[in-house]
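File shown: work.cif. Contents: mmCIF, C-alpha atoms and all ligand atoms.
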```
data_upload
#
loop_
_atom_site.label_atom_id
_atom_site.label_comp_id
_atom_site.auth_asym_id
_atom_site.auth_seq_id
_atom_site.Cartn_x
_atom_site.Cartn_y
_atom_site.Cartn_z
CA MET A 295 273.90 -47.81 21.74
CA SER A 296 277.23 -49.30 21.27
CA THR A 297 280.26 -47.05 21.14
CA PHE A 298 281.05 -47.98 17.56
CA MET A 299 278.49 -47.50 14.78
CA GLY A 300 279.92 -49.16 11.71
CA VAL A 301 281.84 -47.79 8.77
CA ASP A 302 281.12 -44.08 8.35
CA HIS A 303 283.03 -43.48 5.12
CA VAL A 304 285.66 -44.78 2.74
CA GLY A 305 288.50 -42.47 1.80
CA ILE A 306 289.44 -42.24 -1.88
CA GLY A 307 292.54 -40.50 -3.16
CA VAL A 308 291.78 -38.35 -6.21
CA GLY A 309 293.76 -36.13 -8.54
CA ASP A 310 291.18 -33.33 -8.59
CA VAL A 311 288.43 -32.99 -5.98
CA ASP A 312 286.28 -30.79 -8.23
CA VAL A 313 286.21 -33.42 -10.98
CA ALA A 314 285.57 -36.19 -8.45
CA ILE A 315 282.73 -34.30 -6.73
CA GLU A 316 281.10 -33.83 -10.12
CA PHE A 317 281.51 -37.51 -11.03
CA TYR A 318 280.49 -38.99 -7.67
CA GLY A 319 277.65 -36.48 -7.29
CA ARG A 320 276.16 -36.79 -10.73
CA HIS A 321 276.70 -40.47 -11.45
CA VAL A 322 277.24 -42.36 -8.20
CA GLY A 323 274.57 -40.72 -6.06
CA PHE A 324 276.80 -38.89 -3.59
CA ASP A 325 275.05 -35.61 -4.21
CA ARG A 326 275.47 -33.89 -0.84
CA VAL A 327 278.80 -32.24 -0.02
CA LEU A 328 278.90 -32.20 3.78
CA PHE A 329 282.17 -30.29 3.85
CA ASP A 330 284.98 -29.32 1.51
CA HIS A 331 288.09 -28.42 3.47
CA ALA A 332 291.69 -27.67 2.48
CA GLY A 333 294.57 -27.43 4.90
CA GLU A 334 296.95 -29.35 7.09
CA LEU A 335 295.60 -32.56 8.62
CA PRO A 336 297.02 -32.89 12.11
CA GLY A 337 297.14 -36.31 13.68
CA LEU A 338 298.08 -38.06 10.45
CA GLU A 339 301.83 -38.14 11.06
CA ALA A 340 301.74 -41.80 12.08
CA VAL A 341 299.99 -42.96 8.91
CA ALA A 342 301.27 -40.41 6.37
CA GLY A 343 304.83 -40.10 7.65
CA ARG A 344 304.45 -36.29 7.79
CA LEU A 345 301.89 -33.60 8.53
CA PRO A 346 300.06 -33.71 5.19
CA ARG A 347 298.22 -30.89 3.48
CA ALA A 348 295.18 -31.98 1.54
CA ARG A 349 291.78 -30.99 0.26
CA VAL A 350 289.10 -33.24 1.72
CA ALA A 351 285.45 -33.38 0.68
CA MET A 352 282.96 -35.56 2.57
CA LEU A 353 280.06 -36.70 0.38
CA GLU A 354 276.77 -38.29 1.35
CA SER A 355 274.09 -39.88 -0.79
CA SER A 356 270.65 -38.40 -0.33
CA GLY A 357 269.43 -41.89 -1.32
CA ALA A 358 271.25 -43.51 1.63
CA THR A 359 269.40 -46.34 3.37
CA PRO A 360 270.09 -48.41 6.49
CA ILE A 361 271.97 -50.95 4.39
CA GLY A 362 273.71 -48.36 2.23
CA PRO A 363 274.47 -45.69 4.80
CA GLY A 364 278.18 -44.98 4.28
CA ARG A 365 279.78 -41.87 2.84
CA VAL A 366 282.83 -41.26 0.68
CA LYS A 367 285.68 -38.93 1.55
CA LEU A 368 287.56 -37.53 -1.43
CA VAL A 369 291.17 -36.69 -0.60
CA GLN A 370 293.48 -34.70 -2.85
CA VAL A 371 296.97 -34.51 -1.40
CA LEU A 372 298.30 -30.98 -1.99
CA ASP A 373 301.83 -31.10 -0.61
CA GLY A 374 304.98 -32.75 -1.89
CA ASP A 375 304.51 -34.15 -5.38
CA GLY A 376 300.72 -34.24 -5.02
CA PRO A 377 298.70 -37.45 -4.73
CA PRO A 378 300.88 -40.55 -4.49
CA PRO A 379 300.20 -43.08 -7.25
CA ALA A 380 297.88 -46.01 -6.71
CA PRO A 381 299.72 -49.11 -5.47
CA GLU A 382 300.96 -51.21 -8.33
CA GLY A 383 299.81 -54.76 -8.85
CA GLN A 384 296.61 -54.57 -6.85
CA ALA A 385 294.13 -57.19 -8.02
CA TRP A 386 291.83 -57.62 -5.03
CA GLY A 387 292.42 -58.67 -1.44
CA GLU A 388 296.06 -57.68 -0.97
CA VAL A 389 296.74 -55.78 2.28
CA GLY A 390 295.23 -52.35 1.75
CA VAL A 391 291.75 -51.06 0.92
CA CYS A 392 290.64 -52.62 -2.35
CA GLU A 393 286.99 -51.83 -3.01
CA ILE A 394 284.03 -49.68 -2.15
CA CYS A 395 280.71 -51.48 -2.23
CA LEU A 396 277.55 -49.49 -2.87
CA HIS A 397 274.14 -50.82 -2.10
CA VAL A 398 271.97 -50.13 -5.12
CA ARG A 399 268.43 -50.57 -6.33
CA ASN A 400 268.60 -52.51 -9.61
CA VAL A 401 272.17 -53.63 -10.18
CA GLN A 402 271.75 -54.00 -13.94
CA GLU A 403 270.45 -50.48 -14.50
CA VAL A 404 272.99 -48.83 -12.21
CA HIS A 405 275.82 -50.83 -13.79
CA ASP A 406 274.72 -49.79 -17.28
CA ALA A 407 274.33 -46.15 -16.27
CA LEU A 408 277.83 -46.07 -14.77
CA VAL A 409 279.29 -47.68 -17.89
CA ALA A 410 277.51 -45.04 -19.98
CA ALA A 411 279.11 -42.41 -17.71
CA GLY A 412 282.57 -43.71 -18.58
CA CYS A 413 283.20 -46.45 -16.03
CA ALA A 414 284.73 -49.73 -17.15
CA SER A 415 282.70 -52.85 -16.46
CA LEU A 416 284.77 -55.26 -14.38
CA MET A 417 282.04 -57.82 -13.78
CA GLU A 418 278.75 -58.11 -15.59
CA PRO A 419 275.64 -58.15 -13.38
CA MET A 420 274.76 -61.56 -12.00
CA SER A 421 272.80 -63.14 -9.19
CA ALA A 422 274.57 -65.15 -6.52
CA ASN A 423 274.23 -66.30 -2.95
CA VAL A 424 276.76 -66.52 -0.15
CA PRO A 425 277.48 -69.30 2.31
CA PRO A 426 276.69 -70.44 4.89
CA ALA A 427 273.16 -68.97 5.03
CA GLY A 428 272.61 -68.73 1.27
CA VAL A 429 271.73 -65.04 1.44
CA THR A 430 270.95 -63.90 -2.10
CA LEU A 431 272.32 -60.88 -3.87
CA ASP A 432 272.67 -59.24 -7.23
CA ILE A 433 276.22 -58.13 -7.93
CA ALA A 434 278.35 -56.30 -10.51
CA TYR A 435 281.62 -54.40 -10.53
CA VAL A 436 282.75 -51.29 -12.36
CA ALA A 437 285.90 -49.19 -12.15
CA ASP A 438 285.44 -45.46 -11.73
CA LEU A 439 287.25 -43.08 -14.10
CA TRP A 440 290.43 -43.47 -12.03
CA GLY A 441 290.33 -47.25 -11.57
CA THR A 442 288.70 -47.52 -8.13
CA LYS A 443 286.75 -50.77 -7.91
CA LEU A 444 283.10 -50.04 -7.16
CA GLU A 445 281.06 -53.09 -6.27
CA LEU A 446 277.32 -52.78 -6.80
CA ILE A 447 275.20 -55.00 -4.60
CA GLU A 448 271.52 -55.43 -3.97
CA TRP A 449 271.16 -57.74 -0.98
CA THR A 450 267.94 -59.27 -2.22
CA GLY A 451 268.04 -61.86 0.57
CA LEU A 452 268.45 -59.28 3.30
CA TRP A 453 266.74 -56.12 2.28
CA ARG A 454 264.88 -54.92 -0.76
CA SER A 455 265.56 -51.32 -1.58
CA LEU A 456 263.04 -48.61 -0.96
CA PRO A 457 260.65 -48.09 -3.87
CA GLY A 458 261.68 -45.74 -6.61
CA PRO A 459 263.93 -45.62 -9.65
CA ALA A 460 267.18 -47.50 -10.04
CA ARG A 461 269.88 -45.72 -8.09
CA ALA A 462 273.04 -46.08 -6.10
CA GLU A 463 272.63 -45.66 -2.38
CA GLY A 464 275.53 -45.10 0.01
CA VAL A 465 278.38 -47.38 0.94
CA ASN A 466 277.37 -50.88 2.05
CA HIS A 467 280.85 -52.12 2.90
CA VAL A 468 284.53 -51.60 2.40
CA ALA A 469 286.81 -54.49 1.42
CA PHE A 470 290.44 -54.62 2.51
CA GLY A 471 293.19 -57.17 2.60
CA VAL A 472 294.59 -58.64 5.80
CA THR A 473 296.97 -61.47 6.62
CA ASP A 474 295.32 -63.32 9.52
CA MET A 475 291.54 -63.64 9.45
CA ALA A 476 291.12 -64.81 13.04
CA ARG A 477 293.20 -61.92 14.36
CA THR A 478 291.30 -59.40 12.21
CA ARG A 479 287.90 -60.79 13.19
CA ALA A 480 288.78 -60.58 16.89
CA PHE A 481 290.07 -57.03 16.49
CA TYR A 482 287.02 -55.68 14.64
CA GLU A 483 284.56 -57.60 16.78
CA ARG A 484 285.54 -55.30 19.63
CA LEU A 485 284.75 -52.39 17.32
CA GLY A 486 281.19 -53.60 16.83
CA PHE A 487 281.52 -55.73 13.68
CA THR A 488 279.99 -58.78 15.31
CA GLU A 489 277.39 -60.42 13.04
CA LEU A 490 278.86 -62.66 10.37
CA LEU A 491 276.83 -62.29 7.18
CA PHE A 492 278.97 -64.61 5.12
CA GLU A 493 282.23 -66.45 4.94
CA SER A 494 283.77 -68.08 1.89
CA VAL A 495 287.15 -69.57 1.22
CA GLU A 496 287.05 -70.20 -2.53
CA LEU A 497 288.08 -67.91 -5.33
CA PHE A 498 285.08 -65.95 -6.57
CA ASP A 499 285.55 -67.01 -10.20
CA PRO A 500 284.38 -63.79 -11.88
CA MET A 501 287.32 -62.03 -10.19
CA ALA A 502 289.91 -64.41 -11.67
CA PRO A 503 290.72 -62.10 -14.63
CA TRP A 504 291.76 -59.35 -12.20
CA TYR A 505 294.86 -61.29 -11.11
CA ARG A 506 297.27 -60.40 -13.89
CA PRO A 507 300.94 -60.87 -14.67
CA PRO A 508 303.54 -59.85 -13.70
CA TRP A 509 301.99 -59.83 -10.23
CA TYR A 510 300.12 -63.10 -10.58
CA ASP A 511 300.21 -66.27 -12.59
CA PRO A 512 296.77 -66.41 -14.24
CA GLY A 513 297.00 -70.19 -14.17
CA ASN A 514 297.41 -70.17 -10.41
CA VAL A 515 295.14 -67.50 -8.96
CA PRO A 516 295.16 -67.20 -5.13
CA ALA A 517 292.34 -68.51 -2.99
CA GLN A 518 290.24 -65.80 -1.35
CA HIS A 519 289.10 -66.13 2.24
CA MET A 520 286.41 -63.45 2.63
CA THR A 521 284.18 -62.63 5.55
CA MET A 522 281.65 -59.91 6.17
CA PRO A 523 281.12 -59.04 9.82
CA MET A 524 278.21 -56.60 10.07
CA PRO A 525 277.70 -54.00 12.75
CA ALA A 526 274.25 -53.41 14.21
CA GLN A 527 274.19 -50.09 12.37
CA GLY A 528 276.36 -48.42 9.76
CA ALA A 529 278.22 -49.95 6.87
CA SER A 530 280.14 -53.23 7.05
CA ILE A 531 283.68 -54.40 6.51
CA GLU A 532 284.83 -57.21 4.22
CA PRO A 533 288.31 -58.39 5.23
CA VAL A 534 290.04 -60.70 2.77
CA VAL A 535 293.01 -63.04 3.07
CA LEU A 536 294.69 -64.23 -0.11
CA ASN A 537 296.44 -67.59 -0.19
CA PRO A 538 299.20 -67.38 -1.19
CA PRO A 539 299.40 -63.75 0.00
CA GLY A 540 299.74 -60.88 -2.45
CA HIS A 541 302.22 -58.08 -1.87
CA ASP A 542 301.45 -55.08 0.35
CA CYS A 543 299.12 -52.68 -1.49
CA ARG A 544 298.46 -50.16 1.27
CA GLY A 545 300.52 -47.55 -0.57
CA GLU A 546 301.17 -44.13 0.88
CA TRP A 547 298.30 -42.49 2.74
CA GLY A 548 296.34 -40.36 0.27
CA HIS A 549 297.28 -42.43 -2.75
CA LEU A 550 294.94 -42.48 -5.71
CA GLY A 551 292.07 -44.94 -5.31
CA PRO A 552 290.44 -46.28 -2.15
CA MET A 553 292.92 -45.98 0.68
CA ASP A 554 291.37 -45.56 4.12
CA PHE A 555 288.09 -45.76 6.02
CA GLY A 556 286.48 -44.29 9.10
CA ILE A 557 284.39 -45.90 11.81
CA ARG A 558 281.61 -43.73 13.18
CA VAL A 559 281.36 -42.98 16.86
CA ALA A 560 279.05 -40.65 18.78
CA ASN A 561 281.69 -39.54 21.28
CA ILE A 562 285.21 -39.76 19.93
CA ASP A 563 286.90 -38.88 23.19
CA ALA A 564 285.19 -41.76 24.98
CA ALA A 565 285.76 -44.11 22.04
CA ALA A 566 289.50 -43.30 21.96
CA VAL A 567 289.74 -44.03 25.68
CA GLN A 568 287.92 -47.31 25.13
CA LEU A 569 290.25 -48.30 22.29
CA ARG A 570 293.31 -47.52 24.39
CA GLY A 571 291.78 -49.59 27.18
CA GLN A 572 291.69 -52.49 24.72
CA GLY A 573 295.41 -52.06 24.10
CA VAL A 574 295.01 -50.46 20.67
CA ALA A 575 297.64 -47.88 19.68
CA VAL A 576 295.69 -44.67 19.07
CA HIS A 577 297.72 -42.07 17.15
CA GLY A 578 297.45 -39.07 19.45
CA GLU A 579 294.38 -37.25 20.70
CA PRO A 580 291.24 -36.78 18.59
CA GLN A 581 291.56 -33.84 16.21
CA SER A 582 288.90 -31.18 15.75
CA LEU A 583 288.89 -29.30 12.46
CA ASP A 584 286.56 -26.42 11.71
CA VAL A 585 285.19 -27.32 8.27
CA GLY A 586 282.76 -24.45 7.93
CA SER A 587 279.57 -26.48 8.17
CA GLY A 588 280.68 -27.74 11.57
CA GLU A 589 283.43 -29.75 13.13
CA TRP A 590 285.24 -32.79 11.71
CA ARG A 591 286.65 -34.91 14.51
CA TYR A 592 288.88 -37.91 13.80
CA VAL A 593 291.72 -39.93 15.18
CA TYR A 594 293.68 -42.67 13.43
CA PHE A 595 294.68 -45.87 15.18
CA ALA A 596 296.76 -48.97 14.47
CA GLU A 597 294.90 -51.99 13.13
CA PRO A 598 296.61 -55.41 12.90
CA ASP A 599 297.86 -55.11 9.29
CA GLY A 600 298.55 -51.39 9.25
CA ASN A 601 295.55 -50.52 7.11
CA TYR A 602 294.66 -46.82 7.45
CA VAL A 603 291.64 -46.58 9.75
CA ALA A 604 290.23 -43.73 11.81
CA LEU A 605 287.44 -43.08 14.23
CA VAL A 606 285.22 -40.23 13.09
CA GLU A 607 282.66 -38.15 14.93
CA ALA A 608 280.59 -36.32 12.37
CA ARG A 609 279.36 -32.91 13.47
CA TYR A 610 278.76 -31.47 10.02
FE FE B 1 282.54 -56.70 -1.50
#
```
Would you put the structure from the file into C-alpha cells?
Ligand SMILES: [Fe+2]
Amino acid sequence: MSTFMGVDHVGIGVGDVDVAIEFYGRHVGFDRVLFDHAGELPGLEAVAGRLPRARVAMLESSGATPIGPGRVKLVQVLDGDGPPPAPEGQAWGEVGVCEICLHVRNVQEVHDALVAAGCASLMEPMSANVPPAGVTLDIAYVADLWGTKLELIEWTGLWRSLPGPARAEGVNHVAFGVTDMARTRAFYERLGFTELLFESVELFDPMAPWYRPPWYDPGNVPAQHMTMPMPAQGASIEPVVLNPPGHDCRGEWGHLGPMDFGIRVANIDAAAVQLRGQGVAVHGEPQSLDVGSGEWRYVYFAEPDGNYVALVEARY
C-alpha cells in the first residue's frame, strides 16, 4: 500500500457548525458525525498566522463508495472576529480551493433535491465526456446555502453507482487553483495522484457565467487548464490553471466556503518523514488531538501555490 491514500476530506468554513451538520447530514448525505471537537488547533500557525480556536466536525457519508469516498470537515473559527469572509471575486480556478465534487447516483434527481432544499442551481444537469479518453459523465453544479460550489458527478464511463435510490455519495474530488500545472502535477504525483483521468485546456462553457465583473470581463473569460490525477484509492484532486490568471482566492485559513483539504495516510509519522525527505516543508510535527471518539492526527505542509493542505491519519 502506498504511503498516501488520496484525498480524505475537504475542509469547509461555516458560520454555524450545528446548522451545517443539519444541512450536510439531511440533504447532502454526510449523515455520520465522526467527531465534533472545539478547541485550539495546534500546528496551524504556519497556515492560519496564529494558533486558531475552532469547532471542527468531521462528517462521513454512509453511502460512500470507492469513487465517492471522501469526507467533509466543517470548520467554524471561534476566535478573533469569527469565521473570515469567503474570498471575494472567486469564479472558479483561482488559486485556492474552489469546489467540492460529490459522486452521486442520478445527477438529475440529486440536483433537483438539493435545489428543493434551498441550494441554487449553478449548472443544469447534462451529459458530457472528457478528453483524451472520452470518459463519460453526468454533471451538474449547485451552491450550498452559503455559496460553496458543489459539483455533482456520476462517472458513467468509469463506474456505475451501487443499486439503490438516487443519492449523494462522498467526495469524489476537490478542485483548486494553481499557477503552474507541470509543477503541481509533479508535486502531487509524489503524493500518489498518479493516474491522469482527464486533461482539458478549453473553457468549460457552462461555467462562463460564473466569471463576473468587476473581477472578469464576461466577453473575455479565461481559458481553463484542468487535470484530474487519480490516486489508486481515495478521492482525487482537480488542479486548475486559469489563463490569464485570476487573483489569489486562498483567503484566510478557516474562511467561509471550501478552504482546505486533507490527504489520508495510514502512518502520519512515517508520511511526514517521507515528505521531508522529498524536500517538502512540513509545518512542525504531526498533532494528535483527543476528539472523544478517538484521535485526530494531522500535519499541514507547504504545497507549491500555498494552498492549505494537510496529511491526516484518521483514528476516529
Ligand atoms: Fe470538478
Find the residues around Gly428 in chain A up to 10 Å (only C-alpha atoms counted), leave out those fewer than 4 positions away in its own chain, and share them as an MDAnalysis selection string. chainID A and resid 422:424 451 491:492
Mind listing the residues within 12 Å of ligand FE 1 (chain B), only C-alpha atoms and all ligand atoms counted, as a ChimeraX atom specification? /A:386-387,391-397,424,431-435,443-449,465-471,491-494,498,501,518,520-523,529-534
Name all residues at most 8 Å from range 365-367 of chain A (count all atoms listed in the file; drop same-chain ones fewer than 4 positions away) and give them as a list in words. Asp302, His303, Val304, Gly305, Ile306, Phe324, Val350, Ala351, Met352, Leu353, Glu354, Ser355, Gly464 and Val465 of chain A
For Asn400 in chain A, which residue among A:Leu497, A:Leu605, A:Ala462, A:Met553 is the nearest when counting only C-alpha atoms? A:Ala462
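Considering all atoms listed in the file, the residue among A:Asp474, A:Asp310, A:Glu496, A:Asp438 positioned nearest to Gly376 in chain A is A:Asp310.
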Range 496-525 of chain A from the block above, N, CA, C and O atoms, as a PDB file, in the first residue's frame, please?
```pdb
ATOM      1  N   GLU A 496      -9.577  23.903 -22.624  1.00  0.00           N
ATOM      2  CA  GLU A 496     -10.565  24.880 -23.076  1.00  0.00           C
ATOM      3  C   GLU A 496     -11.459  25.286 -21.921  1.00  0.00           C
ATOM      4  O   GLU A 496     -11.633  24.541 -20.963  1.00  0.00           O
ATOM      5  N   LEU A 497     -12.049  26.448 -22.040  1.00  0.00           N
ATOM      6  CA  LEU A 497     -13.099  26.848 -21.103  1.00  0.00           C
ATOM      7  C   LEU A 497     -14.240  25.831 -21.170  1.00  0.00           C
ATOM      8  O   LEU A 497     -14.675  25.455 -22.260  1.00  0.00           O
ATOM      9  N   PHE A 498     -14.699  25.383 -20.016  1.00  0.00           N
ATOM     10  CA  PHE A 498     -15.914  24.563 -19.978  1.00  0.00           C
ATOM     11  C   PHE A 498     -17.084  25.558 -20.031  1.00  0.00           C
ATOM     12  O   PHE A 498     -17.405  26.234 -19.071  1.00  0.00           O
ATOM     13  N   ASP A 499     -17.701  25.654 -21.210  1.00  0.00           N
ATOM     14  CA  ASP A 499     -18.646  26.738 -21.498  1.00  0.00           C
ATOM     15  C   ASP A 499     -19.730  26.953 -20.444  1.00  0.00           C
ATOM     16  O   ASP A 499     -20.079  28.103 -20.150  1.00  0.00           O
ATOM     17  N   PRO A 500     -20.295  25.877 -19.872  1.00  0.00           N
ATOM     18  CA  PRO A 500     -21.355  26.147 -18.873  1.00  0.00           C
ATOM     19  C   PRO A 500     -20.865  26.936 -17.659  1.00  0.00           C
ATOM     20  O   PRO A 500     -21.673  27.451 -16.890  1.00  0.00           O
ATOM     21  N   MET A 501     -19.538  27.023 -17.462  1.00  0.00           N
ATOM     22  CA  MET A 501     -19.019  27.808 -16.335  1.00  0.00           C
ATOM     23  C   MET A 501     -18.837  29.288 -16.689  1.00  0.00           C
ATOM     24  O   MET A 501     -18.564  30.097 -15.795  1.00  0.00           O
ATOM     25  N   ALA A 502     -18.967  29.625 -17.957  1.00  0.00           N
ATOM     26  CA  ALA A 502     -18.675  31.006 -18.383  1.00  0.00           C
ATOM     27  C   ALA A 502     -19.432  32.056 -17.560  1.00  0.00           C
ATOM     28  O   ALA A 502     -18.856  33.074 -17.177  1.00  0.00           O
ATOM     29  N   PRO A 503     -20.723  31.806 -17.229  1.00  0.00           N
ATOM     30  CA  PRO A 503     -21.455  32.844 -16.472  1.00  0.00           C
ATOM     31  C   PRO A 503     -20.911  33.082 -15.061  1.00  0.00           C
ATOM     32  O   PRO A 503     -21.297  34.070 -14.427  1.00  0.00           O
ATOM     33  N   TRP A 504     -20.049  32.194 -14.575  1.00  0.00           N
ATOM     34  CA  TRP A 504     -19.515  32.387 -13.215  1.00  0.00           C
ATOM     35  C   TRP A 504     -18.454  33.493 -13.162  1.00  0.00           C
ATOM     36  O   TRP A 504     -18.138  33.992 -12.082  1.00  0.00           O
ATOM     37  N   TYR A 505     -17.882  33.837 -14.303  1.00  0.00           N
ATOM     38  CA  TYR A 505     -16.788  34.827 -14.334  1.00  0.00           C
ATOM     39  C   TYR A 505     -17.398  36.211 -14.553  1.00  0.00           C
ATOM     40  O   TYR A 505     -17.683  36.604 -15.670  1.00  0.00           O
ATOM     41  N   ARG A 506     -17.592  36.912 -13.440  1.00  0.00           N
ATOM     42  CA  ARG A 506     -18.402  38.138 -13.460  1.00  0.00           C
ATOM     43  C   ARG A 506     -17.557  39.376 -13.200  1.00  0.00           C
ATOM     44  O   ARG A 506     -16.564  39.324 -12.511  1.00  0.00           O
ATOM     45  N   PRO A 507     -18.054  40.517 -13.700  1.00  0.00           N
ATOM     46  CA  PRO A 507     -17.424  41.782 -13.340  1.00  0.00           C
ATOM     47  C   PRO A 507     -17.645  42.043 -11.841  1.00  0.00           C
ATOM     48  O   PRO A 507     -18.633  41.544 -11.306  1.00  0.00           O
ATOM     49  N   PRO A 508     -16.843  42.818 -11.133  1.00  0.00           N
ATOM     50  CA  PRO A 508     -15.700  43.548 -11.704  1.00  0.00           C
ATOM     51  C   PRO A 508     -14.437  42.698 -11.811  1.00  0.00           C
ATOM     52  O   PRO A 508     -13.396  43.206 -12.218  1.00  0.00           O
ATOM     53  N   TRP A 509     -14.535  41.428 -11.465  1.00  0.00           N
ATOM     54  CA  TRP A 509     -13.329  40.594 -11.423  1.00  0.00           C
ATOM     55  C   TRP A 509     -12.943  40.110 -12.809  1.00  0.00           C
ATOM     56  O   TRP A 509     -11.782  39.827 -13.074  1.00  0.00           O
ATOM     57  N   TYR A 510     -13.926  39.964 -13.666  1.00  0.00           N
ATOM     58  CA  TYR A 510     -13.678  39.422 -15.007  1.00  0.00           C
ATOM     59  C   TYR A 510     -14.457  40.212 -16.040  1.00  0.00           C
ATOM     60  O   TYR A 510     -15.499  40.789 -15.725  1.00  0.00           O
ATOM     61  N   ASP A 511     -13.967  40.172 -17.242  1.00  0.00           N
ATOM     62  CA  ASP A 511     -14.682  40.718 -18.378  1.00  0.00           C
ATOM     63  C   ASP A 511     -15.446  39.561 -19.016  1.00  0.00           C
ATOM     64  O   ASP A 511     -14.830  38.647 -19.559  1.00  0.00           O
ATOM     65  N   PRO A 512     -16.776  39.581 -18.911  1.00  0.00           N
ATOM     66  CA  PRO A 512     -17.557  38.439 -19.431  1.00  0.00           C
ATOM     67  C   PRO A 512     -17.323  38.185 -20.917  1.00  0.00           C
ATOM     68  O   PRO A 512     -17.570  37.080 -21.403  1.00  0.00           O
ATOM     69  N   GLY A 513     -16.829  39.189 -21.618  1.00  0.00           N
ATOM     70  CA  GLY A 513     -16.536  38.991 -23.037  1.00  0.00           C
ATOM     71  C   GLY A 513     -15.181  38.348 -23.273  1.00  0.00           C
ATOM     72  O   GLY A 513     -14.827  38.052 -24.415  1.00  0.00           O
ATOM     73  N   ASN A 514     -14.434  38.165 -22.200  1.00  0.00           N
ATOM     74  CA  ASN A 514     -13.072  37.638 -22.341  1.00  0.00           C
ATOM     75  C   ASN A 514     -12.755  36.746 -21.146  1.00  0.00           C
ATOM     76  O   ASN A 514     -11.927  37.060 -20.306  1.00  0.00           O
ATOM     77  N   VAL A 515     -13.482  35.620 -21.086  1.00  0.00           N
ATOM     78  CA  VAL A 515     -13.377  34.702 -19.949  1.00  0.00           C
ATOM     79  C   VAL A 515     -12.080  33.904 -20.065  1.00  0.00           C
ATOM     80  O   VAL A 515     -11.681  33.528 -21.170  1.00  0.00           O
ATOM     81  N   PRO A 516     -11.371  33.649 -18.950  1.00  0.00           N
ATOM     82  CA  PRO A 516     -10.080  32.950 -19.044  1.00  0.00           C
ATOM     83  C   PRO A 516     -10.224  31.509 -19.538  1.00  0.00           C
ATOM     84  O   PRO A 516     -11.255  30.876 -19.340  1.00  0.00           O
ATOM     85  N   ALA A 517      -9.182  31.028 -20.173  1.00  0.00           N
ATOM     86  CA  ALA A 517      -9.103  29.604 -20.508  1.00  0.00           C
ATOM     87  C   ALA A 517      -8.843  28.833 -19.225  1.00  0.00           C
ATOM     88  O   ALA A 517      -8.241  29.348 -18.277  1.00  0.00           O
ATOM     89  N   GLN A 518      -9.334  27.587 -19.203  1.00  0.00           N
ATOM     90  CA  GLN A 518      -9.174  26.738 -18.019  1.00  0.00           C
ATOM     91  C   GLN A 518      -8.372  25.498 -18.399  1.00  0.00           C
ATOM     92  O   GLN A 518      -8.836  24.680 -19.187  1.00  0.00           O
ATOM     93  N   HIS A 519      -7.196  25.366 -17.820  1.00  0.00           N
ATOM     94  CA  HIS A 519      -6.441  24.127 -17.981  1.00  0.00           C
ATOM     95  C   HIS A 519      -6.742  23.273 -16.752  1.00  0.00           C
ATOM     96  O   HIS A 519      -6.367  23.622 -15.644  1.00  0.00           O
ATOM     97  N   MET A 520      -7.457  22.175 -16.948  1.00  0.00           N
ATOM     98  CA  MET A 520      -7.858  21.307 -15.830  1.00  0.00           C
ATOM     99  C   MET A 520      -7.239  19.937 -16.037  1.00  0.00           C
ATOM    100  O   MET A 520      -7.167  19.438 -17.161  1.00  0.00           O
ATOM    101  N   THR A 521      -6.831  19.329 -14.942  1.00  0.00           N
ATOM    102  CA  THR A 521      -6.434  17.925 -14.992  1.00  0.00           C
ATOM    103  C   THR A 521      -7.055  17.213 -13.799  1.00  0.00           C
ATOM    104  O   THR A 521      -7.443  17.864 -12.819  1.00  0.00           O
ATOM    105  N   MET A 522      -7.159  15.905 -13.896  1.00  0.00           N
ATOM    106  CA  MET A 522      -7.589  15.137 -12.735  1.00  0.00           C
ATOM    107  C   MET A 522      -6.698  13.919 -12.552  1.00  0.00           C
ATOM    108  O   MET A 522      -6.918  12.880 -13.149  1.00  0.00           O
ATOM    109  N   PRO A 523      -5.668  14.061 -11.726  1.00  0.00           N
ATOM    110  CA  PRO A 523      -4.815  12.918 -11.417  1.00  0.00           C
ATOM    111  C   PRO A 523      -5.440  12.112 -10.279  1.00  0.00           C
ATOM    112  O   PRO A 523      -5.670  12.633  -9.193  1.00  0.00           O
ATOM    113  N   MET A 524      -5.720  10.844 -10.562  1.00  0.00           N
ATOM    114  CA  MET A 524      -6.387   9.996  -9.562  1.00  0.00           C
ATOM    115  C   MET A 524      -5.362   9.200  -8.772  1.00  0.00           C
ATOM    116  O   MET A 524      -4.377   8.720  -9.322  1.00  0.00           O
ATOM    117  N   PRO A 525      -5.642   8.995  -7.502  1.00  0.00           N
ATOM    118  CA  PRO A 525      -4.844   8.065  -6.712  1.00  0.00           C
ATOM    119  C   PRO A 525      -5.423   6.656  -6.876  1.00  0.00           C
ATOM    120  O   PRO A 525      -6.528   6.489  -7.382  1.00  0.00           O
TER     121      PRO A 525
END
```
